[in-house]
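Dumped input_32.txt below, it's compact mmCIF, C-alpha atoms and all ligand atoms:
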# COMPACT_ATOMS: atom_id res chain seq x y z
CA MET N 1 -32.78 -7.75 -7.24
CA ARG N 2 -34.50 -4.89 -5.48
CA ILE N 3 -32.15 -3.52 -2.81
CA THR N 4 -34.33 -2.63 0.17
CA GLN N 5 -31.71 -2.02 2.84
CA VAL N 6 -28.06 -1.08 3.19
CA GLU N 7 -26.19 -1.10 6.50
CA LEU N 8 -22.80 0.47 7.23
CA ARG N 9 -20.62 -0.47 10.17
CA HIS N 10 -17.44 1.31 11.16
CA ILE N 11 -15.27 -1.46 12.61
CA LYS N 12 -12.05 -1.30 14.58
CA MET N 13 -9.91 -4.40 15.07
CA VAL N 14 -6.70 -4.63 17.11
CA LEU N 15 -3.71 -6.04 15.21
CA VAL N 16 -1.80 -8.92 16.85
CA SER N 17 1.37 -6.86 16.44
CA PRO N 18 1.97 -3.26 15.34
CA PHE N 19 2.52 -2.83 11.58
CA VAL N 20 5.44 -0.47 10.87
CA THR N 21 5.88 0.99 7.38
CA SER N 22 7.29 4.12 5.78
CA MET N 23 3.80 5.60 6.41
CA GLY N 24 3.95 5.13 10.19
CA THR N 25 2.87 2.53 12.77
CA GLU N 26 -0.58 0.94 12.85
CA TYR N 27 -1.85 -0.68 16.06
CA ASP N 28 -5.38 -1.35 14.90
CA GLU N 29 -7.28 -1.33 11.65
CA GLU N 30 -10.48 0.62 10.96
CA HIS N 31 -12.63 -0.27 7.95
CA ILE N 32 -16.30 -0.17 6.92
CA ILE N 33 -18.41 -3.32 6.62
CA VAL N 34 -21.23 -2.92 4.08
CA ARG N 35 -24.32 -5.13 4.20
CA VAL N 36 -26.96 -5.07 1.45
CA ASP N 37 -30.34 -6.79 1.65
CA GLY N 38 -32.93 -7.46 -1.02
CA GLU N 39 -35.48 -10.14 -1.79
CA GLY N 40 -34.41 -12.24 1.20
CA ILE N 41 -30.74 -12.21 0.20
CA THR N 42 -27.89 -10.64 2.17
CA GLY N 43 -24.54 -9.59 0.72
CA TRP N 44 -21.41 -8.50 2.60
CA GLY N 45 -18.50 -6.29 1.56
CA GLU N 46 -15.62 -4.43 3.17
CA SER N 47 -14.39 -0.95 2.35
CA VAL N 48 -10.66 -0.79 3.06
CA ALA N 49 -10.50 2.97 3.67
CA GLU N 50 -8.46 3.28 6.86
CA GLY N 51 -8.65 5.55 9.89
CA THR N 52 -5.86 7.73 8.48
CA PRO N 53 -5.24 9.25 5.00
CA TYR N 54 -1.64 7.95 4.83
CA TYR N 55 -1.89 5.14 2.27
CA SER N 56 -4.77 6.74 0.37
CA TYR N 57 -6.58 10.07 0.64
CA GLU N 58 -9.70 8.12 1.58
CA THR N 59 -10.55 7.50 5.23
CA VAL N 60 -13.40 5.74 7.01
CA GLN N 61 -15.05 9.16 7.38
CA THR N 62 -14.77 10.18 3.71
CA ALA N 63 -15.92 6.74 2.55
CA TRP N 64 -18.89 6.90 4.94
CA HIS N 65 -19.85 10.31 3.55
CA ILE N 66 -19.61 9.14 -0.07
CA LEU N 67 -21.50 5.92 0.65
CA ARG N 68 -24.27 7.59 2.68
CA ASP N 69 -24.79 10.71 0.55
CA PHE N 70 -24.08 9.46 -3.00
CA LEU N 71 -23.54 5.74 -3.57
CA ILE N 72 -26.29 4.23 -1.41
CA PRO N 73 -29.00 6.69 -2.59
CA SER N 74 -28.11 5.82 -6.21
CA ILE N 75 -29.05 2.15 -5.76
CA LEU N 76 -31.48 2.00 -2.81
CA GLY N 77 -34.95 0.81 -3.85
CA LYS N 78 -33.77 0.12 -7.40
CA ASP N 79 -34.43 -3.22 -9.06
CA LEU N 80 -30.86 -3.98 -10.21
CA LYS N 81 -30.27 -6.51 -12.99
CA GLY N 82 -26.66 -6.96 -11.90
CA VAL N 83 -23.55 -5.29 -10.46
CA ASP N 84 -22.88 -3.43 -13.73
CA GLU N 85 -26.14 -1.53 -13.36
CA ALA N 86 -25.15 -0.43 -9.85
CA ILE N 87 -21.76 0.77 -11.10
CA ALA N 88 -23.48 2.73 -13.88
CA SER N 89 -25.81 4.42 -11.38
CA TYR N 90 -22.93 5.92 -9.41
CA ALA N 91 -20.44 6.36 -12.27
CA ILE N 92 -20.95 10.13 -11.95
CA VAL N 93 -19.00 10.02 -8.65
CA ARG N 94 -15.30 10.67 -9.29
CA GLY N 95 -12.61 8.86 -7.32
CA HIS N 96 -13.41 7.43 -3.86
CA MET N 97 -12.53 3.96 -5.10
CA MET N 98 -12.53 2.38 -1.63
CA ALA N 99 -16.03 3.66 -0.87
CA LYS N 100 -17.25 2.28 -4.21
CA ALA N 101 -15.45 -1.04 -3.80
CA GLY N 102 -17.07 -1.73 -0.42
CA LEU N 103 -20.59 -1.38 -1.82
CA GLU N 104 -19.70 -3.20 -5.04
CA ALA N 105 -18.31 -6.15 -3.04
CA ALA N 106 -21.54 -6.48 -1.04
CA LEU N 107 -23.53 -6.45 -4.31
CA TRP N 108 -21.26 -9.08 -5.91
CA ASP N 109 -21.79 -11.29 -2.85
CA ALA N 110 -25.58 -10.79 -3.00
CA PHE N 111 -25.81 -11.53 -6.73
CA ALA N 112 -23.54 -14.58 -6.44
CA ARG N 113 -25.68 -15.91 -3.57
CA SER N 114 -28.84 -15.27 -5.58
CA GLU N 115 -27.44 -17.54 -8.31
CA ASN N 116 -26.14 -20.00 -5.72
CA ARG N 117 -22.62 -19.62 -7.15
CA SER N 118 -19.33 -18.89 -5.45
CA LEU N 119 -17.86 -15.44 -5.95
CA SER N 120 -14.74 -17.09 -7.36
CA ARG N 121 -16.68 -18.83 -10.15
CA MET N 122 -18.78 -15.72 -10.72
CA LEU N 123 -15.59 -13.63 -11.26
CA GLY N 124 -14.01 -16.21 -13.58
CA GLY N 125 -11.76 -17.95 -11.07
CA VAL N 126 -10.03 -21.12 -12.20
CA ARG N 127 -8.25 -22.32 -9.03
CA ASP N 128 -9.51 -23.81 -5.78
CA ARG N 129 -6.34 -22.85 -3.92
CA VAL N 130 -4.23 -19.70 -4.24
CA ASP N 131 -0.55 -19.14 -3.44
CA VAL N 132 -0.06 -16.82 -0.50
CA GLY N 133 2.72 -14.77 1.04
CA VAL N 134 3.11 -12.50 4.01
CA SER N 135 3.86 -8.78 4.29
CA ILE N 136 6.14 -7.96 7.21
CA GLY N 137 6.47 -4.49 8.72
CA ILE N 138 9.82 -2.89 9.56
CA GLN N 139 11.40 -4.74 12.52
CA PRO N 140 13.58 -3.21 15.26
CA THR N 141 16.64 -5.24 14.15
CA GLU N 142 17.73 -7.62 11.39
CA LYS N 143 17.72 -10.42 13.97
CA ASP N 144 14.06 -9.77 14.79
CA LEU N 145 13.25 -9.87 11.09
CA ILE N 146 15.03 -13.18 10.53
CA LYS N 147 13.14 -14.70 13.47
CA LYS N 148 9.80 -13.50 12.08
CA VAL N 149 10.60 -14.86 8.63
CA GLU N 150 11.61 -18.25 10.07
CA GLY N 151 8.23 -18.44 11.81
CA TYR N 152 6.25 -17.59 8.68
CA LEU N 153 8.25 -20.01 6.51
CA ALA N 154 7.56 -22.75 9.06
CA GLU N 155 3.82 -22.02 8.65
CA GLY N 156 4.19 -22.57 4.91
CA TYR N 157 4.15 -19.07 3.39
CA LYS N 158 5.59 -19.11 -0.11
CA ARG N 159 6.93 -15.62 -0.30
CA ILE N 160 8.12 -12.89 2.01
CA LYS N 161 7.59 -9.17 1.46
CA ILE N 162 9.27 -6.68 3.73
CA LYS N 163 8.51 -3.02 4.12
CA ILE N 164 11.43 -0.66 3.55
CA ALA N 165 12.01 3.05 4.21
CA PRO N 166 15.07 5.29 3.94
CA GLY N 167 17.54 4.13 6.60
CA ASN N 168 15.71 0.80 6.97
CA ASP N 169 16.33 -0.89 3.68
CA ILE N 170 19.47 -2.52 2.34
CA GLN N 171 20.68 -3.89 5.70
CA TYR N 172 17.41 -5.84 6.12
CA VAL N 173 17.46 -7.12 2.54
CA SER N 174 21.10 -8.14 2.83
CA ALA N 175 20.57 -9.91 6.18
CA LEU N 176 17.60 -11.89 4.81
CA ARG N 177 19.37 -12.81 1.60
CA ASN N 178 22.39 -14.07 3.57
CA GLU N 179 20.21 -16.21 5.79
CA PHE N 180 17.82 -17.44 3.06
CA PRO N 181 19.67 -17.50 -0.30
CA ARG N 182 16.73 -18.98 -2.26
CA LEU N 183 13.84 -17.18 -0.54
CA LEU N 184 11.19 -15.61 -2.80
CA LEU N 185 11.68 -12.06 -1.50
CA GLN N 186 10.22 -8.68 -2.43
CA VAL N 187 10.20 -5.20 -0.87
CA ASP N 188 7.55 -2.48 -0.54
CA ALA N 189 8.60 1.16 -0.11
CA ASN N 190 5.11 2.72 -0.05
CA SER N 191 6.40 5.76 -1.98
CA ALA N 192 9.21 6.63 0.44
CA TYR N 193 11.93 7.42 -2.14
CA THR N 194 12.70 9.78 -5.02
CA LEU N 195 14.84 9.48 -8.15
CA ASN N 196 17.68 11.03 -6.11
CA GLU N 197 18.06 7.63 -4.45
CA ILE N 198 18.64 5.76 -7.69
CA ASP N 199 21.96 4.36 -6.38
CA LEU N 200 20.16 2.53 -3.60
CA PHE N 201 17.92 0.79 -6.15
CA LYS N 202 20.96 -0.15 -8.23
CA ARG N 203 22.47 -1.74 -5.12
CA LEU N 204 19.21 -3.61 -4.46
CA ASP N 205 19.64 -5.19 -7.90
CA GLU N 206 22.32 -7.43 -6.32
CA TYR N 207 19.86 -9.27 -4.04
CA ASN N 208 17.67 -11.11 -6.52
CA LEU N 209 14.40 -9.52 -5.39
CA SER N 210 11.26 -10.61 -7.26
CA LEU N 211 10.11 -7.02 -7.36
CA ILE N 212 10.28 -3.58 -5.76
CA GLU N 213 6.81 -2.26 -4.92
CA GLN N 214 5.96 1.44 -5.28
CA PRO N 215 9.39 2.98 -4.68
CA LEU N 216 8.47 6.52 -5.86
CA GLY N 217 5.56 9.00 -5.60
CA TYR N 218 2.12 7.67 -4.72
CA GLU N 219 0.51 9.11 -7.86
CA ASP N 220 3.59 8.87 -10.06
CA ILE N 221 3.85 6.89 -13.27
CA TYR N 222 6.45 8.91 -15.19
CA ASP N 223 9.40 8.86 -12.75
CA HIS N 224 8.91 5.13 -12.27
CA SER N 225 9.53 4.70 -16.00
CA LYS N 226 12.87 6.46 -15.59
CA LEU N 227 13.81 4.28 -12.62
CA GLN N 228 12.73 1.04 -14.33
CA ARG N 229 15.01 1.90 -17.28
CA GLU N 230 18.02 2.04 -14.90
CA ILE N 231 17.49 -1.12 -12.84
CA LYS N 232 17.12 -4.85 -13.50
CA THR N 233 14.67 -5.70 -10.71
CA PRO N 234 11.04 -5.43 -11.84
CA ILE N 235 9.12 -2.49 -10.41
CA CYS N 236 5.57 -3.27 -9.30
CA LEU N 237 3.07 -0.44 -8.88
CA ASP N 238 0.53 -0.35 -6.05
CA GLU N 239 -0.52 3.18 -4.94
CA SER N 240 -0.32 4.75 -8.44
CA ILE N 241 -2.82 2.38 -10.06
CA HIS N 242 -6.49 3.34 -9.62
CA SER N 243 -7.97 2.08 -12.88
CA LEU N 244 -7.48 0.24 -16.14
CA ASP N 245 -6.40 3.56 -17.69
CA ASP N 246 -3.61 3.99 -15.11
CA THR N 247 -2.55 0.41 -15.80
CA ARG N 248 -2.34 1.04 -19.55
CA ALA N 249 -0.32 4.20 -18.99
CA ALA N 250 2.11 2.41 -16.65
CA ILE N 251 2.62 -0.53 -18.99
CA GLU N 252 2.89 1.53 -22.17
CA LEU N 253 5.41 3.83 -20.47
CA LYS N 254 7.28 0.76 -19.12
CA SER N 255 7.00 2.13 -15.60
CA CYS N 256 6.65 -1.35 -14.14
CA ARG N 257 6.69 -5.01 -15.17
CA ILE N 258 4.25 -6.28 -12.56
CA ILE N 259 0.96 -4.94 -11.16
CA ASN N 260 -0.43 -5.27 -7.62
CA ILE N 261 -4.23 -5.47 -7.73
CA LYS N 262 -6.26 -4.40 -4.71
CA PRO N 263 -9.98 -4.16 -5.45
CA GLY N 264 -10.34 -1.35 -2.91
CA ARG N 265 -7.78 0.81 -4.71
CA VAL N 266 -9.41 0.46 -8.13
CA GLY N 267 -13.12 0.68 -7.23
CA GLY N 268 -13.96 -3.00 -6.96
CA PHE N 269 -13.86 -6.45 -8.52
CA THR N 270 -15.21 -5.28 -11.88
CA GLU N 271 -12.31 -2.87 -12.52
CA SER N 272 -9.90 -5.43 -11.01
CA LYS N 273 -11.01 -7.97 -13.61
CA LEU N 274 -10.49 -5.47 -16.44
CA ILE N 275 -6.96 -4.79 -15.17
CA HIS N 276 -6.31 -8.51 -14.74
CA ASP N 277 -7.46 -9.28 -18.29
CA TYR N 278 -5.52 -6.40 -19.84
CA CYS N 279 -2.32 -7.41 -17.99
CA ALA N 280 -2.78 -11.01 -19.16
CA SER N 281 -3.02 -9.79 -22.75
CA MET N 282 0.24 -7.83 -22.28
CA MET N 283 2.07 -10.74 -20.55
CA ILE N 284 2.26 -8.68 -17.36
CA PRO N 285 1.86 -10.86 -14.23
CA VAL N 286 -0.37 -9.58 -11.43
CA TRP N 287 -0.66 -10.48 -7.75
CA HIS N 288 -3.21 -9.67 -5.09
CA GLY N 289 -2.33 -6.97 -2.58
CA GLY N 290 -3.81 -6.64 0.88
CA MET N 291 -5.14 -3.96 3.23
CA LEU N 292 -5.12 -5.95 6.49
CA GLU N 293 -8.72 -6.93 5.76
CA SER N 294 -11.07 -8.76 8.10
CA GLY N 295 -12.35 -12.12 6.90
CA ILE N 296 -15.11 -10.41 4.90
CA GLY N 297 -12.69 -8.52 2.67
CA ARG N 298 -10.23 -11.41 2.68
CA ALA N 299 -12.88 -13.78 1.30
CA GLY N 300 -13.34 -11.47 -1.69
CA ASN N 301 -9.58 -11.17 -2.16
CA VAL N 302 -9.12 -14.94 -2.22
CA ALA N 303 -11.94 -15.28 -4.78
CA LEU N 304 -10.38 -12.64 -7.04
CA ALA N 305 -6.91 -14.17 -6.67
CA SER N 306 -8.27 -17.42 -8.14
CA LEU N 307 -8.28 -15.80 -11.61
CA PRO N 308 -5.60 -17.19 -13.96
CA ASN N 309 -3.19 -14.23 -14.28
CA PHE N 310 -2.67 -13.95 -10.50
CA ILE N 311 0.71 -15.59 -11.00
CA LEU N 312 2.70 -14.40 -7.97
CA PRO N 313 1.69 -15.21 -4.35
CA GLY N 314 -0.60 -12.57 -2.82
CA ASP N 315 -0.54 -10.48 0.36
CA ILE N 316 -3.24 -12.81 1.58
CA SER N 317 -2.37 -14.32 4.94
CA ALA N 318 -4.15 -16.32 7.62
CA SER N 319 -6.67 -14.51 9.82
CA LYS N 320 -4.44 -15.09 12.86
CA ARG N 321 -1.51 -13.28 11.22
CA TYR N 322 -3.59 -10.09 11.62
CA TYR N 323 -6.20 -10.56 14.37
CA LYS N 324 -6.68 -12.73 17.44
CA GLU N 325 -10.25 -13.43 16.34
CA ASP N 326 -11.75 -12.95 12.90
CA ILE N 327 -15.34 -11.90 12.17
CA VAL N 328 -16.05 -14.80 9.80
CA ILE N 329 -16.53 -18.54 10.24
CA PRO N 330 -14.44 -20.41 9.37
CA GLU N 331 -11.41 -18.16 9.74
CA PHE N 332 -8.80 -18.20 6.95
CA VAL N 333 -5.85 -20.55 7.39
CA VAL N 334 -2.71 -21.24 5.38
CA ASN N 335 -2.07 -24.80 4.23
CA SER N 336 1.38 -26.22 4.92
CA ASP N 337 2.14 -25.96 1.16
CA GLY N 338 1.73 -22.17 1.24
CA THR N 339 -1.72 -22.09 -0.32
CA MET N 340 -5.10 -20.92 0.92
CA ASP N 341 -8.36 -22.64 -0.01
CA VAL N 342 -10.79 -20.63 -2.11
CA PRO N 343 -14.22 -20.82 -0.47
CA SER N 344 -16.59 -22.81 -2.69
CA GLY N 345 -19.92 -22.00 -1.01
CA PRO N 346 -22.33 -19.38 -2.39
CA GLY N 347 -21.04 -15.79 -2.56
CA ILE N 348 -17.95 -15.09 -0.44
CA GLY N 349 -18.41 -18.58 0.98
CA VAL N 350 -17.91 -17.75 4.64
CA GLU N 351 -20.42 -16.91 7.36
CA VAL N 352 -20.29 -13.62 9.24
CA ASP N 353 -19.87 -14.13 12.99
CA MET N 354 -22.51 -11.64 14.16
CA LYS N 355 -21.34 -11.73 17.77
CA MET N 356 -17.77 -10.88 16.78
CA LEU N 357 -18.95 -8.28 14.25
CA GLU N 358 -21.02 -6.60 16.96
CA LYS N 359 -17.94 -6.58 19.23
CA VAL N 360 -15.77 -4.70 16.73
CA THR N 361 -18.48 -2.26 15.54
CA VAL N 362 -17.98 1.32 16.76
CA ARG N 363 -20.76 2.94 14.70
CA LYS N 364 -23.68 1.66 12.65
CA GLU N 365 -26.19 3.26 10.31
CA VAL N 366 -29.06 1.63 8.41
CA PHE N 367 -30.61 2.98 5.19
CA ARG N 368 -34.01 1.72 4.06
CA ALA N 369 -35.75 2.11 0.72
O1 LIG A 1 1.23 -1.21 0.62
O2 LIG A 1 0.60 -3.20 0.36
C1 LIG A 1 0.60 -2.17 1.03
C2 LIG A 1 -1.31 -2.73 4.30
C3 LIG A 1 -1.99 -1.54 4.42
C4 LIG A 1 -1.80 -0.56 3.47
C5 LIG A 1 -0.92 -0.79 2.39
C6 LIG A 1 -0.25 -2.00 2.26
C7 LIG A 1 -0.41 -2.97 3.27
C8 LIG A 1 0.31 -4.23 3.28
C9 LIG A 1 -0.31 -5.38 4.05
O3 LIG A 1 1.39 -4.41 2.78
C10 LIG A 1 -0.78 -6.47 3.18
C11 LIG A 1 -1.68 -7.46 3.90
O4 LIG A 1 -2.90 -7.21 4.01
O5 LIG A 1 -1.16 -8.47 4.36
MG MG A 2 2.05 -1.82 -1.27
As structure tokens, how would this structure be written, given the file I've shared?
Amino acid sequence: MRITQVELRHIKMVLVSPFVTSMGTEYDEEHIIVRVDGEGITGWGESVAEGTPYYSYETVQTAWHILRDFLIPSILGKDLKGVDEAIASYAIVRGHMMAKAGLEAALWDAFARSENRSLSRMLGGVRDRVDVGVSIGIQPTEKDLIKKVEGYLAEGYKRIKIKIAPGNDIQYVSALRNEFPRLLLQVDANSAYTLNEIDLFKRLDEYNLSLIEQPLGYEDIYDHSKLQREIKTPICLDESIHSLDDTRAAIELKSCRIINIKPGRVGGFTESKLIHDYCASMMIPVWHGGMLESGIGRAGNVALASLPNFILPGDISASKRYYKEDIVIPEFVVNSDGTMDVPSGPGIGVEVDMKMLEKVTVRKEVFRA
């Protein structure tokens, strides 16, 4: 496919409620929507770089720079045989995984559409529904949290993840466990602790958590291996894993027993699949993380999560859990049994709502071959 045009859109969408984590409070979400065109086919992708460099060093501005000045020029006007050839053309660019993943996603969608296949099938998906959970930010009180959880459980969600931070941890876990003794519950610290707080993690062992996500440094693998040795609850790494190589290091060092896969964090679906396959071979379960995506990114996440080793429910929630209106048709919904349907149409399997996309676009740039 000869790629004749690439379009970038900086989008900003207002969250239905502020998202509070150890990294701060988010009121709206900024991402980049990537559109590629070639030979009458259009592909869509989402780069999950945010407005702020708090989760990752990447931001919308750095991703835009890398896309405009390096990634897009490396593929524009080229007759690509497939996604692998695109990846090879920009392999010289180090890091900037979210910038790469946004372009790669649009290319995957375009190639899947050109073969009239769904992205799920194209990636090796084996399920037509995936198990989903919800990620809840830090609430003002334990009572507020319990109310939120009751609401999400009533909607069908299979698993609850809560954000924790020093001073906002054990009391929330304990309150939830008291109220819901059998709830599938996990916590995400987003790197807010150090090994000095090892006693807290030993106390958390009493609450039957499915996992503790990224308790220590955001690039760390070594200290996590020391912590995992001292606690029973499985550690799951998010921020520290940018590649298959990081995954191998973490598993060989026994730094974690579970891996969170986010295509944006590892450079795209291709690297995600390598990590997925390696983890399967090592009997390490994976689950799909989330970056508060719009429906475009969410569609790709659901497709990837249909691969067989995505064993635990993902941070993949209904469109309305994030935004009043989504930018795709149909929007994503959760079934009452806590699953989400994997789109079966060509490519990402949903249609972009151009009117809504226009409404949330704050900047647009078009590149032509
Ligand atoms: O650490 O998993 C995280 C959102 C933004 C940045 C980092 C994270 C998150 C979430 C939300 O937890 C997951 C979702 O999209 O529902
Ligand atoms: Mg996380």
| request: Have a look at atom CA of N:Ile296 and atom CA of N:Glu46 and let me know their distance in Å, one decimal. | output: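 These atoms are spaced 6.2 Å apart.
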| field | Residues near stretch 55-69 of chain N, cut-off 8 Å, all atoms listed in the file, skip fewer than 3 positions along chain, as a list in words | value |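 Using all atoms listed in the file, the neighbours found are Leu8, His10, Met23, Glu30, His31, Ile32, Ser47, Ala49, Glu50, Gly51, Thr52, Ile72, Pro73, His96, Met98, Ala99, Lys100, Leu103, Asn190 and Glu239 of chain N.
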For the residues selected in the previous step, produce a file with C-alpha atoms as a PDB file, in the frame of the given file.
ATOM      1  CA  LEU N   8     -22.800   0.470   7.230  1.00  0.00           C
ATOM      2  CA  HIS N  10     -17.440   1.310  11.160  1.00  0.00           C
ATOM      3  CA  MET N  23       3.800   5.600   6.410  1.00  0.00           C
ATOM      4  CA  GLU N  30     -10.480   0.620  10.960  1.00  0.00           C
ATOM      5  CA  HIS N  31     -12.630  -0.270   7.950  1.00  0.00           C
ATOM      6  CA  ILE N  32     -16.300  -0.170   6.920  1.00  0.00           C
ATOM      7  CA  SER N  47     -14.390  -0.950   2.350  1.00  0.00           C
ATOM      8  CA  ALA N  49     -10.500   2.970   3.670  1.00  0.00           C
ATOM      9  CA  GLU N  50      -8.460   3.280   6.860  1.00  0.00           C
ATOM     10  CA  GLY N  51      -8.650   5.550   9.890  1.00  0.00           C
ATOM     11  CA  THR N  52      -5.860   7.730   8.480  1.00  0.00           C
ATOM     12  CA  ILE N  72     -26.290   4.230  -1.410  1.00  0.00           C
ATOM     13  CA  PRO N  73     -29.000   6.690  -2.590  1.00  0.00           C
ATOM     14  CA  HIS N  96     -13.410   7.430  -3.860  1.00  0.00           C
ATOM     15  CA  MET N  98     -12.530   2.380  -1.630  1.00  0.00           C
ATOM     16  CA  ALA N  99     -16.030   3.660  -0.870  1.00  0.00           C
ATOM     17  CA  LYS N 100     -17.250   2.280  -4.210  1.00  0.00           C
ATOM     18  CA  LEU N 103     -20.590  -1.380  -1.820  1.00  0.00           C
ATOM     19  CA  ASN N 190       5.110   2.720  -0.050  1.00  0.00           C
ATOM     20  CA  GLU N 239      -0.520   3.180  -4.940  1.00  0.00           C
TER      21      GLU N 239
END
| Between N:Lys158, N:Arg265, N:Arg298, N:Arg203, which is the closest to ligand MG 2 (chain A) once you count only C-alpha atoms and all ligand atoms? |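 Of N:Lys158, N:Arg265, N:Arg298, N:Arg203, the one nearest ligand MG 2 (chain A), counting only C-alpha atoms and all ligand atoms, is N:Arg265.
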| remark: As a check of understanding: the span from atom CA of N:Pro166 to atom CA of N:Leu200 is 9.5 Å
| Residues within 7 Å of ligand LIG 1 (chain A), counting all atoms listed in the file, as number ranges by chain | N: 55, 134-135, 188, 190, 238, 289-293, 315-317
Hey, can you spit out that residue selection with C-alpha atoms as a short mmCIF file (atom, residue, chain, number, x, y, z; two decimals), in the frame of the given file?
data_model
loop_
_atom_site.label_atom_id
_atom_site.label_comp_id
_atom_site.auth_asym_id
_atom_site.auth_seq_id
_atom_site.Cartn_x
_atom_site.Cartn_y
_atom_site.Cartn_z
CA TYR N 55 -1.89 5.14 2.27
CA VAL N 134 3.11 -12.50 4.01
CA SER N 135 3.86 -8.78 4.29
CA ASP N 188 7.55 -2.48 -0.54
CA ASN N 190 5.11 2.72 -0.05
CA ASP N 238 0.53 -0.35 -6.05
CA GLY N 289 -2.33 -6.97 -2.58
CA GLY N 290 -3.81 -6.64 0.88
CA MET N 291 -5.14 -3.96 3.23
CA LEU N 292 -5.12 -5.95 6.49
CA GLU N 293 -8.72 -6.93 5.76
CA ASP N 315 -0.54 -10.48 0.36
CA ILE N 316 -3.24 -12.81 1.58
CA SER N 317 -2.37 -14.32 4.94
#
| Surrounding residues of N:Glu39 excluding itself and chain neighbours under 3 positions, 8 Å, all atoms listed in the file, as a PyMOL selection string | chain N and resi 1-4
| 9 Å contact set for stretch 84-95 of chain N, all atoms listed in the file, chain neighbours under 2 positions out, as a ChimeraX atom specification | /N:66,70-72,74-75,78,80-82,97-100,104,107,242,267,270
| Can you list, as a list of chain:residue names, every protein, DNA or RNA residue that comes within 6 Å of N:Val334 when you count all atoms listed in the file, leaving out same-chain residues fewer than 4 positions away? | N:Ala318, N:Thr339, N:Met340
| request: Extract, using only C-alpha atoms, all DNA, RNA and protein residues at most 12 Å from N:Ser336, discarding same-chain residues fewer than 5 positions from it, and format them as a list in words. | output: Asp131, Val132, Tyr152, Leu153, Ala154, Glu155, Gly156, Tyr157, Lys158, Ala318 and Asp341 of chain N
| remark: With distances taken over only C-alpha atoms, the candidate from N:Lys12, N:Arg113, N:Arg321, N:Arg121 nearest N:Thr42 is N:Arg113
| query | With distances taken over all atoms listed in the file, which of N:Glu115, N:Glu213, N:Asp37, N:Glu206 is nearest to ligand MG 2 (chain A)? | reply | N:Glu213
| query | Separation of atom CA of N:Lys324 and atom CA of N:Ala165, in Å? | reply | 27.8 Å
